[in-house]
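S.K.: This is the structure I have questions about; it appears just below.
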Number of protein chains: 6
Amino acid sequence: MFFHMKELQYEAKPSRPDPLMARNMQELLGGQFGEISVAIQYLFQGWNSRSTDKYRDLLMDIGTEELAHIEMLSTMIARLLDGAPVGDLEKAAQDPVTAAIIGGMNPQHAIVSGLGAMPADSVGNRWTADYVAASGNLLADFRANLNAESQGRLQAVRVYESSSDPGVKDMLSFLIARDTMHQNMWKAAIAEIEAQENIVVPATFPRELEKQQVAYDFYNLSAGEESKQGRWAHGKSMDSMSQFRYVSPAPAFGPAPELKPSPPYVHNTPPTTRGDNS
Amino acid sequence: MFFHMKELQYEAKPSRPDPLMARNMQELLGGQFGEISVAIQYLFQGWNSRSTDKYRDLLMDIGTEELAHIEMLSTMIARLLDGAPVGDLEKAAQDPVTAAIIGGMNPQHAIVSGLGAMPADSVGNRWTADYVAASGNLLADFRANLNAESQGRLQAVRVYESSSDPGVKDMLSFLIARDTMHQNMWKAAIAEIEAQENIVVPATFPRELEKQQVAYDFYNLSAGEESKQGRWAHGKSMDSMSQFRYVSPAPAFGPAPELKPSPPYVHNTPPTTRGDNS
Amino acid sequence: MFFHMKELQYEAKPSRPDPLMARNMQELLGGQFGEISVAIQYLFQGWNSRSTDKYRDLLMDIGTEELAHIEMLSTMIARLLDGAPVGDLEKAAQDPVTAAIIGGMNPQHAIVSGLGAMPADSVGNRWTADYVAASGNLLADFRANLNAESQGRLQAVRVYESSSDPGVKDMLSFLIARDTMHQNMWKAAIAEIEAQENIVVPATFPRELEKQQVAYDFYNLSAGEESKQGRWAHGKSMDSMSQFRYVSPAPAFGPAPELKPSPPYVHNTPPTTRGDNS
Amino acid sequence: MFFHMKELQYEAKPSRPDPLMARNMQELLGGQFGEISVAIQYLFQGWNSRSTDKYRDLLMDIGTEELAHIEMLSTMIARLLDGAPVGDLEKAAQDPVTAAIIGGMNPQHAIVSGLGAMPADSVGNRWTADYVAASGNLLADFRANLNAESQGRLQAVRVYESSSDPGVKDMLSFLIARDTMHQNMWKAAIAEIEAQENIVVPATFPRELEKQQVAYDFYNLSAGEESKQGRWAHGKSMDSMSQFRYVSPAPAFGPAPELKPSPPYVHNTPPTTRGDNS
Amino acid sequence: MFFHMKELQYEAKPSRPDPLMARNMQELLGGQFGEISVAIQYLFQGWNSRSTDKYRDLLMDIGTEELAHIEMLSTMIARLLDGAPVGDLEKAAQDPVTAAIIGGMNPQHAIVSGLGAMPADSVGNRWTADYVAASGNLLADFRANLNAESQGRLQAVRVYESSSDPGVKDMLSFLIARDTMHQNMWKAAIAEIEAQENIVVPATFPRELEKQQVAYDFYNLSAGEESKQGRWAHGKSMDSMSQFRYVSPAPAFGPAPELKPSPPYVHNTPPTTRGDNS
Amino acid sequence: MFFHMKELQYEAKPSRPDPLMARNMQELLGGQFGEISVAIQYLFQGWNSRSTDKYRDLLMDIGTEELAHIEMLSTMIARLLDGAPVGDLEKAAQDPVTAAIIGGMNPQHAIVSGLGAMPADSVGNRWTADYVAASGNLLADFRANLNAESQGRLQAVRVYESSSDPGVKDMLSFLIARDTMHQNMWKAAIAEIEAQENIVVPATFPRELEKQQVAYDFYNLSAGEESKQGRWAHGKSMDSMSQFRYVSPAPAFGPAPELKPSPPYVHNTPPTTRGDNS
């Protein structure tokens, strides 16, 4: 159960309206690695966590913080859209900057949301749960989370670099700092679990059931052997259970497949047409 | 440029047809963390890699291997569908197992693909590029890759556990082993880059531009303090640049937002209706 | 900013596991009119509300309650999936009920979420923000909300009817009651605004700018005149500004359109092919 | 069965081409609340209507009218795209207005549809049946319809406000007037059914089966009590069956959930890693 | 403008309810090549057709017929769902056929549409305009149409084969016959245009602007030369303008690409990390 | 199994950066008829092809070539984005061309992909397998392929026409030529199969099972008889099995449908509300 407070976690006030920045800011709100994605991802990981331990509590803490970030970004976007120009070619003809704004702003900000934020990304794709991962395996999921915070901070930094507005930059400097913390945090949680289990997810699958002879081979499948120089191509494997091996050229272990013809009732191309001998 | 060989990377032959297993196997082919996702993800990361070094070659090697895995899974699914029963309630009424197959198999395997594999997941969602990440920042992207291989191996293991078919299990034991290698490999690549840069993505953003006073705080935003026990709540931060700090209760740094009314031409609810004093 | 409490708004405990019910229950969680939809819808309406009045507070109250409903449903679904059978045709062959479960349950509950809830509907479509409306006009949006609560209660009632599990029915009896309140509540809010403005959204558009002579006509465009019997076909219009008029047959006010040929550089079918005289 | 006439329901002719207006106009054609949405929604409600009464006839009348609106908008968009400039940076550099058009117009209008309308919204999201509701319960569905016409008229008004083209404004003044009628009409149909049943959908669910003690409570779940001032917080409920009650703070009726560990075969994080005592 | 008649184009009455057939039949209604797809596709092609000739009239005739097919399938599906069992595991345990129905039927038919048809396919994907093509070039589009009718008839035939219900088969025998006509019809229209233009779309692009030396080469890019035996590998090209040529192995005309490093403000992996010499 | 070579199939180098062209070029890469679509489509058709004959080899050859085209377009797009301006309104205000670029370029090219290509179309819709067809019936699928190459060449030509960049035009002249070959090639493959079977897909369905009396009728369902002039309205049918017949007006063969009321447990609108006599 949740409770909402009226205060923002951090101020979200631009120095001036900027409908193009509003469009771009949507990426941080409703994009693949935006705040809706991490909020929903962490909360579902928490709710599906079949334990009442520190990991569940951690997920609820951070998932709840991300809800506050959605709120900050929505507020910022509404303000960036204050008094946005709405017009047509006639208006556009008079002033190049107005023309660029009318051409470049997200038309749905005017027509659909009435100058408010939308649960969508910077090109208008509506947010989808295709973006989230919650598997029930915490090591897998914490890696998803570390990735999300890495992509998310990278995108926030790129928007920061594109802005000359002190208010926008101030809010982003807060969100970027929080992403620093969250990357550190998931890294710490990952280290804890890897120390107890193994780096390979899921650690509980008996290794003798996998085809061990190919479990540490690097297969060179593209021309050139630059990839041979990496850490992944020689020395002890990262799970400390074997040695990396660089295999070039890569072998094919299976034959060319021959499939049986399909039954007549699906009306695929019949063998007679194809001249099959099968 | 690519070249195709007729051989499979590994044999993909079930011991018997099983349309329900064909349905489930689609998750590993066309699901969020299936082989199409990793193939497209690695190849785009490679093509966008603005260098001709070992990392680009690595991405092309593994991206190309994943194409072979798509091929193996497609082959396996076609064989699992050999002679699949297609029928209606009349037929279903006679035999409970046939009834369960007709009820449970993916109807599109019969109606749409003619007993062949589809670029879709186990519930029939068509594959979408919503699933892939390619940011131009290798550390961010290698974390996406480590996550994908972790989720992918987890799912392959779950399908393995649900099967009693030696042929299915044999192919999966190969794919699971390759996922072991790929997790090791991305882990190695990540370690290399983190050693040169920093664990925080992007490492090139000047830290003094982020709001440093909140960059290592853990905010307790859900009842209970179980989350205080984790490594993320105390001690040196994982990037070695500061100390974690557990803050409870979490503060609000910003005021409750007050937005300006919208201009009349968007026809939002007017202040007069709302009794606003603004 | 939000705060999370560990307690559920209401108990969410089935009397026994039931993977098919878990599949169906997903509709109420992540379907078009499920709890994710209303939570995101109300919160975005609140954040975009350019005022700090009772309507914004109302939206934050109810949006926050819906977050608690997401939590209840996620909890219920995880419990319905306790120890769910995971298996193949061999297993299915032995017991018709197991067969039906394996055939009918959402395979992603086993393979993807590890027996946890997903942000998806009962057939596995991932939740999308296509489902939400937040326009900046409260009367429009409260109608969206009344619709969502009507469809939502209807769906909850249908799931209730299909269950024989006292625990499932108990939780649903709570959610259904809350939907009763929420329908009453949006109805009340709508009545307030309609009393101040008009029933036609947006009330602020000058009526003389619309083509008034067709603003109260009912056009009979399908065979039969059963539709003439309704309240919408005669008497004073609901906005009290005119009289309904039943027009049969419906007129065409515009000519058959003639479009200009396209410029050669788009390479549409050229007039010469078409034998155009234009 | 349908029959098509060549005439338009109303003229759809702009005074001049305007590719940006063509882009925006797509919202009214293929957006969430555009004409495709209402056409498909009303027709499916009609076809699923298990009766041959006035409601079915009404749905077929209006669904058929909406097909004519799709046609008008498609015609208008094709004309707005007449001779649209297609070019690159070189061209753009010469004239700011051309630059804004090339930058702002939907590139698919040139590349994909050959200067024709598309079944998509103003940012290029292809139309999806995610937007429609047809539940079999007319009161629920008529509320969906009233919402659609409210959002739709609001959007049409916003496009009207942004245009200085007499031809565009003339067509929109027709569509806006029809939306006035359709809002009145659904309002009338709703009033009829509410008078016979109850305002709560579905009216046929026995009230004693819902948890009646929470069916009229308003739960204050966000800071501040502004929401206490509304009609929804006191007095007789809108369904006349009880009294509204404002409850602050809102109670939690359920305990913190404790879930059982998952079975080993799904390979979630095991209790040993988590230090569970369960 | 359209007019609706109450009669069906052809009877749509099953001999008995069958919820699994209702699920499957959805493919023909709302699937990728279902009736909604062809209706929307033909109507948009017609509306975008910049001429008032026989091709536009043809498109409106057949697009309008497809609307009648949507109606027939919706009617059939509603009847197949008559009195569909809605229940849970308890019920399912008693009777294997009921179990298979409850497991296999689309749960949204009960929960969402109230035993009515939905604009969705057989696995529940909502219909999307991703499925349609309307390019402004009639030869391209008529090929899209011929494909749609080919895939559509194939799917209808597969559903026919799976049914033992005389009523279902009777309706399908009508739809299959209409698909025969429509394939013949598009074939005829294609022949007309090819005779006037050329088989290569668009015929209006000057051939000397394409790289003519590669315009008739077949590149062997997969092991084996079975593909050499086809008509496409030798003899006069189908457009009669050159000779097919089988080229094995296929050449690479371009060098390995070297991209420039990205600017610092996008924070991609920097050259220093990569050890680039560029 | 695949092998990757470093060389491009053809050079992909623009003469100058152009972020708007990069945006548009995405259509040819990740659009409905872009290179990802044809690659995935041909490869799945090949893998599902239940034979090891020339058709399967053909599909693997061309599917593999399309992978090379994805690579070329990704390379071109990365180069078109070299040093793309990233900025806000302040910058935009100074120079109209920069303003148009910032307004018009795909913001995700800067924020999400770090100036690299994306698996998406020109308006930012992520690629989806909704675009592909692979039915198991080669004649149906080769028609899908001929359509894809026709739409694809048309789009490439349109982009060619909009460019003044010699490097862009050079690469497109290669791709356009390959599309010429691919249209010729599918046309040849289609001719081969039609000669063996029949033009009607699937040829294996016994004609006496379809309702033959309507299999060659053209139904005039829109006003006007322009469509009577076409080849499809008279003379021998294209499959040589009958004569086309123009039927005007088109008959209705079925009665107006009457559906049974739904069972009470789905809570549709009850007959009592509707005044039904049924």
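In the structure tokens, each chain is lettered A, B, ... as it comes, each chain's residues begin at 1, and ligands are numbered from 1 in order of appearance.
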Least-squares superpose chain C on chain B across all ordered C-alpha pairs, then write out what you get as a short mmCIF file (atom, residue, chain, number, x, y, z; two decimals) with C-alpha atoms, in the first residue's frame.

M.R.:
data_model
loop_
_atom_site.label_atom_id
_atom_site.label_comp_id
_atom_site.auth_asym_id
_atom_site.auth_seq_id
_atom_site.Cartn_x
_atom_site.Cartn_y
_atom_site.Cartn_z
CA MET C 1 28.37 -9.29 -45.36
CA PHE C 2 27.35 -12.80 -44.35
CA PHE C 3 27.65 -16.31 -45.69
CA HIS C 4 25.35 -19.17 -44.74
CA MET C 5 26.40 -22.79 -44.27
CA LYS C 6 23.89 -25.60 -44.39
CA GLU C 7 25.08 -27.32 -41.21
CA LEU C 8 23.52 -26.54 -37.87
CA GLN C 9 25.79 -25.37 -35.09
CA TYR C 10 24.32 -28.25 -33.11
CA GLU C 11 21.71 -30.94 -33.74
CA ALA C 12 18.11 -29.87 -33.13
CA LYS C 13 16.03 -33.01 -33.15
CA PRO C 14 13.37 -33.95 -30.64
CA SER C 15 12.66 -37.59 -29.87
CA ARG C 16 8.97 -37.09 -30.64
CA PRO C 17 6.61 -34.36 -31.78
CA ASP C 18 5.12 -32.22 -29.02
CA PRO C 19 3.10 -29.17 -30.02
CA LEU C 20 2.98 -27.80 -26.49
CA MET C 21 6.75 -27.92 -26.26
CA ALA C 22 6.84 -26.18 -29.66
CA ARG C 23 4.71 -23.42 -28.17
CA ASN C 24 6.97 -23.07 -25.13
CA MET C 25 10.18 -23.26 -27.17
CA GLN C 26 9.04 -20.11 -29.00
CA GLU C 27 9.98 -18.16 -25.88
CA LEU C 28 13.64 -19.02 -26.43
CA LEU C 29 13.38 -18.08 -30.09
CA GLY C 30 11.24 -14.97 -30.25
CA GLY C 31 10.71 -13.87 -26.65
CA GLN C 32 12.04 -10.81 -24.88
CA PHE C 33 15.33 -12.55 -24.12
CA GLY C 34 15.23 -15.05 -26.97
CA GLU C 35 17.77 -15.61 -29.72
CA ILE C 36 16.33 -12.98 -32.10
CA SER C 37 16.80 -10.38 -29.38
CA VAL C 38 20.44 -11.16 -28.76
CA ALA C 39 21.29 -11.53 -32.46
CA ILE C 40 19.82 -8.14 -33.38
CA GLN C 41 21.21 -6.54 -30.23
CA TYR C 42 24.80 -7.67 -30.74
CA LEU C 43 24.82 -6.96 -34.48
CA PHE C 44 23.48 -3.41 -34.04
CA GLN C 45 25.99 -2.81 -31.25
CA GLY C 46 28.70 -4.00 -33.63
CA TRP C 47 27.58 -1.94 -36.60
CA ASN C 48 27.25 1.19 -34.45
CA SER C 49 30.61 0.59 -32.83
CA ARG C 50 32.73 3.48 -34.08
CA SER C 51 35.98 1.59 -34.11
CA THR C 52 37.45 -1.49 -35.76
CA ASP C 53 38.89 -3.01 -32.63
CA LYS C 54 38.43 -6.24 -30.72
CA TYR C 55 35.10 -5.16 -29.23
CA ARG C 56 33.51 -4.74 -32.64
CA ASP C 57 34.91 -8.10 -33.74
CA LEU C 58 33.62 -9.71 -30.55
CA LEU C 59 30.14 -8.33 -31.19
CA MET C 60 30.14 -9.59 -34.78
CA ASP C 61 31.36 -13.05 -33.67
CA ILE C 62 28.66 -13.52 -31.08
CA GLY C 63 25.90 -11.80 -33.05
CA THR C 64 26.65 -14.19 -35.88
CA GLU C 65 26.56 -17.16 -33.52
CA GLU C 66 23.13 -16.11 -32.30
CA LEU C 67 21.85 -16.26 -35.89
CA ALA C 68 22.81 -19.92 -35.80
CA HIS C 69 20.82 -20.34 -32.60
CA ILE C 70 17.73 -18.84 -34.24
CA GLU C 71 18.20 -21.46 -36.94
CA MET C 72 18.52 -24.31 -34.44
CA LEU C 73 15.40 -23.29 -32.57
CA SER C 74 13.40 -22.84 -35.76
CA THR C 75 14.43 -26.31 -36.84
CA MET C 76 13.54 -27.81 -33.47
CA ILE C 77 10.13 -26.14 -33.44
CA ALA C 78 9.27 -27.33 -36.96
CA ARG C 79 10.08 -30.89 -35.88
CA LEU C 80 8.11 -30.62 -32.64
CA LEU C 81 5.16 -29.68 -34.83
CA ASP C 82 5.48 -32.68 -37.17
CA GLY C 83 2.00 -33.95 -37.90
CA ALA C 84 0.42 -31.85 -35.18
CA PRO C 85 -3.25 -32.61 -34.65
CA VAL C 86 -5.57 -30.00 -36.05
CA GLY C 87 -9.14 -30.39 -35.05
CA ASP C 88 -12.18 -29.27 -33.17
CA LEU C 89 -14.30 -30.08 -30.18
CA GLU C 90 -15.58 -33.32 -31.73
CA LYS C 91 -12.12 -34.69 -31.95
CA ALA C 92 -11.15 -33.22 -28.62
CA ALA C 93 -14.03 -34.99 -26.92
CA GLN C 94 -12.59 -38.39 -27.64
CA ASP C 95 -9.21 -38.20 -26.00
CA PRO C 96 -8.12 -36.01 -23.11
CA VAL C 97 -4.53 -35.69 -24.30
CA THR C 98 -5.57 -34.68 -27.80
CA ALA C 99 -7.99 -32.28 -26.18
CA ALA C 100 -5.21 -30.74 -24.12
CA ILE C 101 -3.00 -30.44 -27.18
CA ILE C 102 -5.68 -28.81 -29.29
CA GLY C 103 -6.54 -26.50 -26.43
CA GLY C 104 -2.98 -25.71 -25.47
CA MET C 105 -1.00 -25.53 -28.68
CA ASN C 106 -0.51 -22.18 -30.36
CA PRO C 107 -3.30 -22.07 -32.97
CA GLN C 108 -1.12 -19.91 -35.21
CA HIS C 109 1.30 -22.81 -35.58
CA ALA C 110 -1.44 -24.54 -37.55
CA ILE C 111 -3.30 -21.63 -39.16
CA VAL C 112 -0.57 -19.10 -39.83
CA SER C 113 2.83 -20.76 -40.15
CA GLY C 114 1.82 -24.17 -41.47
CA LEU C 115 3.57 -26.05 -38.67
CA GLY C 116 6.67 -23.90 -38.72
CA ALA C 117 8.41 -21.63 -36.24
CA MET C 118 7.35 -18.00 -35.89
CA PRO C 119 9.26 -14.87 -34.84
CA ALA C 120 7.11 -14.70 -31.70
CA ASP C 121 7.17 -15.69 -28.04
CA SER C 122 5.38 -18.49 -26.18
CA VAL C 123 2.08 -16.62 -25.93
CA GLY C 124 2.18 -15.37 -29.50
CA ASN C 125 3.47 -11.82 -29.09
CA ARG C 126 5.36 -11.05 -32.27
CA TRP C 127 9.01 -10.15 -31.71
CA THR C 128 9.66 -6.43 -31.37
CA ALA C 129 12.81 -4.32 -31.29
CA ASP C 130 11.50 -2.91 -28.01
CA TYR C 131 13.58 -5.72 -26.56
CA VAL C 132 17.01 -4.55 -27.74
CA ALA C 133 19.55 -2.04 -26.49
CA ALA C 134 22.41 -0.51 -28.46
CA SER C 135 23.54 2.79 -27.01
CA GLY C 136 27.00 3.41 -28.39
CA ASN C 137 28.44 3.06 -24.89
CA LEU C 138 30.01 -0.37 -24.59
CA LEU C 139 29.94 -0.67 -20.82
CA ALA C 140 26.21 0.09 -20.77
CA ASP C 141 25.62 -2.31 -23.63
CA PHE C 142 27.73 -5.14 -22.25
CA ARG C 143 25.62 -4.92 -19.10
CA ALA C 144 22.54 -5.23 -21.32
CA ASN C 145 24.20 -8.28 -22.87
CA LEU C 146 25.07 -9.87 -19.54
CA ASN C 147 21.48 -9.38 -18.47
CA ALA C 148 20.16 -10.88 -21.71
CA GLU C 149 22.35 -13.96 -21.34
CA SER C 150 21.35 -14.34 -17.69
CA GLN C 151 17.62 -14.13 -18.39
CA GLY C 152 18.10 -16.30 -21.48
CA ARG C 153 19.94 -19.09 -19.66
CA LEU C 154 17.39 -18.99 -16.85
CA GLN C 155 14.56 -19.45 -19.35
CA ALA C 156 16.38 -22.24 -21.20
CA VAL C 157 16.94 -24.02 -17.89
CA ARG C 158 13.25 -23.74 -17.04
CA VAL C 159 12.26 -25.24 -20.37
CA TYR C 160 14.86 -27.98 -19.84
CA GLU C 161 13.32 -28.81 -16.47
CA SER C 162 9.87 -29.13 -18.01
CA SER C 163 10.91 -31.63 -20.67
CA SER C 164 11.27 -35.38 -20.60
CA ASP C 165 12.40 -35.59 -24.24
CA PRO C 166 16.09 -36.59 -24.64
CA GLY C 167 16.42 -34.78 -27.97
CA VAL C 168 15.01 -31.53 -26.62
CA LYS C 169 17.21 -31.81 -23.53
CA ASP C 170 20.29 -32.49 -25.64
CA MET C 171 19.86 -29.34 -27.71
CA LEU C 172 19.08 -27.28 -24.64
CA SER C 173 22.20 -28.63 -22.87
CA PHE C 174 24.18 -27.12 -25.75
CA LEU C 175 22.41 -23.75 -25.65
CA ILE C 176 22.70 -23.59 -21.87
CA ALA C 177 26.44 -24.23 -22.10
CA ARG C 178 26.81 -21.49 -24.69
CA ASP C 179 24.94 -19.14 -22.36
CA THR C 180 27.44 -20.06 -19.65
CA MET C 181 30.23 -19.01 -22.00
CA HIS C 182 28.45 -15.85 -23.01
CA GLN C 183 27.85 -14.81 -19.40
CA ASN C 184 31.53 -15.42 -18.67
CA MET C 185 32.51 -13.52 -21.78
CA TRP C 186 30.45 -10.38 -21.15
CA LYS C 187 31.62 -10.47 -17.52
CA ALA C 188 35.21 -10.47 -18.77
CA ALA C 189 34.59 -7.65 -21.23
CA ILE C 190 32.88 -5.62 -18.51
CA ALA C 191 35.78 -6.16 -16.14
CA GLU C 192 38.21 -4.91 -18.78
CA ILE C 193 36.31 -1.68 -19.35
CA GLU C 194 35.53 -1.04 -15.69
CA ALA C 195 39.24 -1.37 -14.95
CA GLN C 196 40.00 1.36 -17.49
CA GLU C 197 37.12 3.69 -16.73
CA ASN C 198 34.87 3.41 -13.70
CA ILE C 199 31.86 1.30 -12.81
CA VAL C 200 29.54 4.26 -13.29
CA VAL C 201 28.21 4.69 -16.83
CA PRO C 202 29.04 7.00 -18.53
CA ALA C 203 32.45 7.42 -16.94
CA THR C 204 33.14 10.49 -19.05
CA PHE C 205 30.58 12.74 -17.39
CA PRO C 206 32.35 15.09 -14.95
CA ARG C 207 31.28 14.12 -11.46
CA GLU C 208 31.25 17.70 -10.25
CA LEU C 209 28.29 18.35 -12.57
CA GLU C 210 26.08 15.87 -10.76
CA LYS C 211 24.51 16.76 -7.43
CA GLN C 212 27.20 14.98 -5.46
CA GLN C 213 25.63 15.32 -2.01
CA VAL C 214 22.91 12.80 -2.99
CA ALA C 215 25.07 10.49 -5.11
CA TYR C 216 25.69 7.91 -2.37
CA ASP C 217 22.53 8.13 -0.26
CA PHE C 218 20.18 5.22 0.15
CA TYR C 219 16.67 6.56 0.72
CA ASN C 220 14.37 4.45 2.81
CA LEU C 221 11.00 4.98 1.16
CA SER C 222 9.15 1.89 2.30
CA ALA C 223 8.28 0.88 5.80
CA GLY C 224 10.82 -1.28 7.61
CA GLU C 225 14.58 -1.05 7.57
CA GLU C 226 15.53 -4.50 6.33
CA SER C 227 17.25 -2.77 3.43
CA LYS C 228 19.71 -1.27 5.89
CA GLN C 229 21.45 -4.62 6.22
CA GLY C 230 22.76 -4.71 2.64
CA ARG C 231 26.19 -3.87 1.37
CA TRP C 232 24.60 -0.91 -0.47
CA ALA C 233 23.78 0.83 2.80
CA HIS C 234 27.18 1.23 4.40
CA GLY C 235 30.89 1.12 3.70
CA LYS C 236 32.81 2.26 0.69
CA SER C 237 30.79 2.74 -2.46
CA MET C 238 31.44 0.29 -5.29
CA ASP C 239 33.09 2.99 -7.38
CA SER C 240 35.46 3.67 -4.47
CA MET C 241 34.72 7.36 -4.62
CA SER C 242 32.64 7.78 -1.47
CA GLN C 243 30.77 6.04 1.37
CA PHE C 244 27.24 4.66 1.20
CA ARG C 245 24.84 6.37 3.56
CA TYR C 246 21.47 5.05 4.75
CA VAL C 247 18.97 7.88 5.08
CA SER C 248 15.76 7.17 6.92
CA PRO C 249 13.27 8.68 6.57
CA ALA C 250 14.01 9.99 3.10
CA PRO C 251 13.75 13.75 2.71
CA ALA C 252 11.81 15.73 0.12
CA PHE C 253 14.05 18.36 -1.43
CA GLY C 254 11.42 20.06 -3.60
CA PRO C 255 8.21 21.95 -2.83
CA ALA C 256 4.76 20.82 -3.87
CA PRO C 257 4.55 21.91 -7.49
CA GLU C 258 2.22 24.68 -8.62
CA LEU C 259 1.68 24.77 -12.36
CA LYS C 260 0.48 27.71 -14.40
CA PRO C 261 -2.92 27.48 -16.01
CA SER C 262 -2.90 26.41 -19.62
CA PRO C 263 -3.68 28.84 -22.44
CA PRO C 264 -7.35 28.99 -23.50
CA TYR C 265 -6.64 27.55 -26.96
CA VAL C 266 -5.98 24.06 -25.60
CA HIS C 267 -9.37 23.97 -23.88
CA ASN C 268 -8.29 22.31 -20.67
CA THR C 269 -10.59 22.71 -17.69
CA PRO C 270 -10.59 26.47 -17.10
CA PRO C 271 -9.69 28.05 -13.74
CA THR C 272 -13.26 29.32 -13.41
CA THR C 273 -14.57 25.76 -13.23
CA ARG C 274 -11.90 24.78 -10.78
CA GLY C 275 -12.28 27.77 -8.57
CA ASP C 276 -8.57 28.51 -8.91
CA ASN C 277 -7.20 31.67 -7.43
CA SER C 278 -4.13 31.60 -9.58
#

S.K.: From a DSSP calculation on the backbone, collect every residue of stretch 44-251 of chain F in helix (DSSP H, G or I) and output the set as a PyMOL selection string.

M.R.: chain F and resi 44-48+54-80+89-94+96-104+107-111+129-131+138-161+166-196+207-209+212-214+226-229+231-233

S.K.: As a ChimeraX atom specification, please: every residue in stretch 139-257 of chain A that a backbone DSSP assignment puts in strand (DSSP E).

M.R.: /A:217-219,245-247
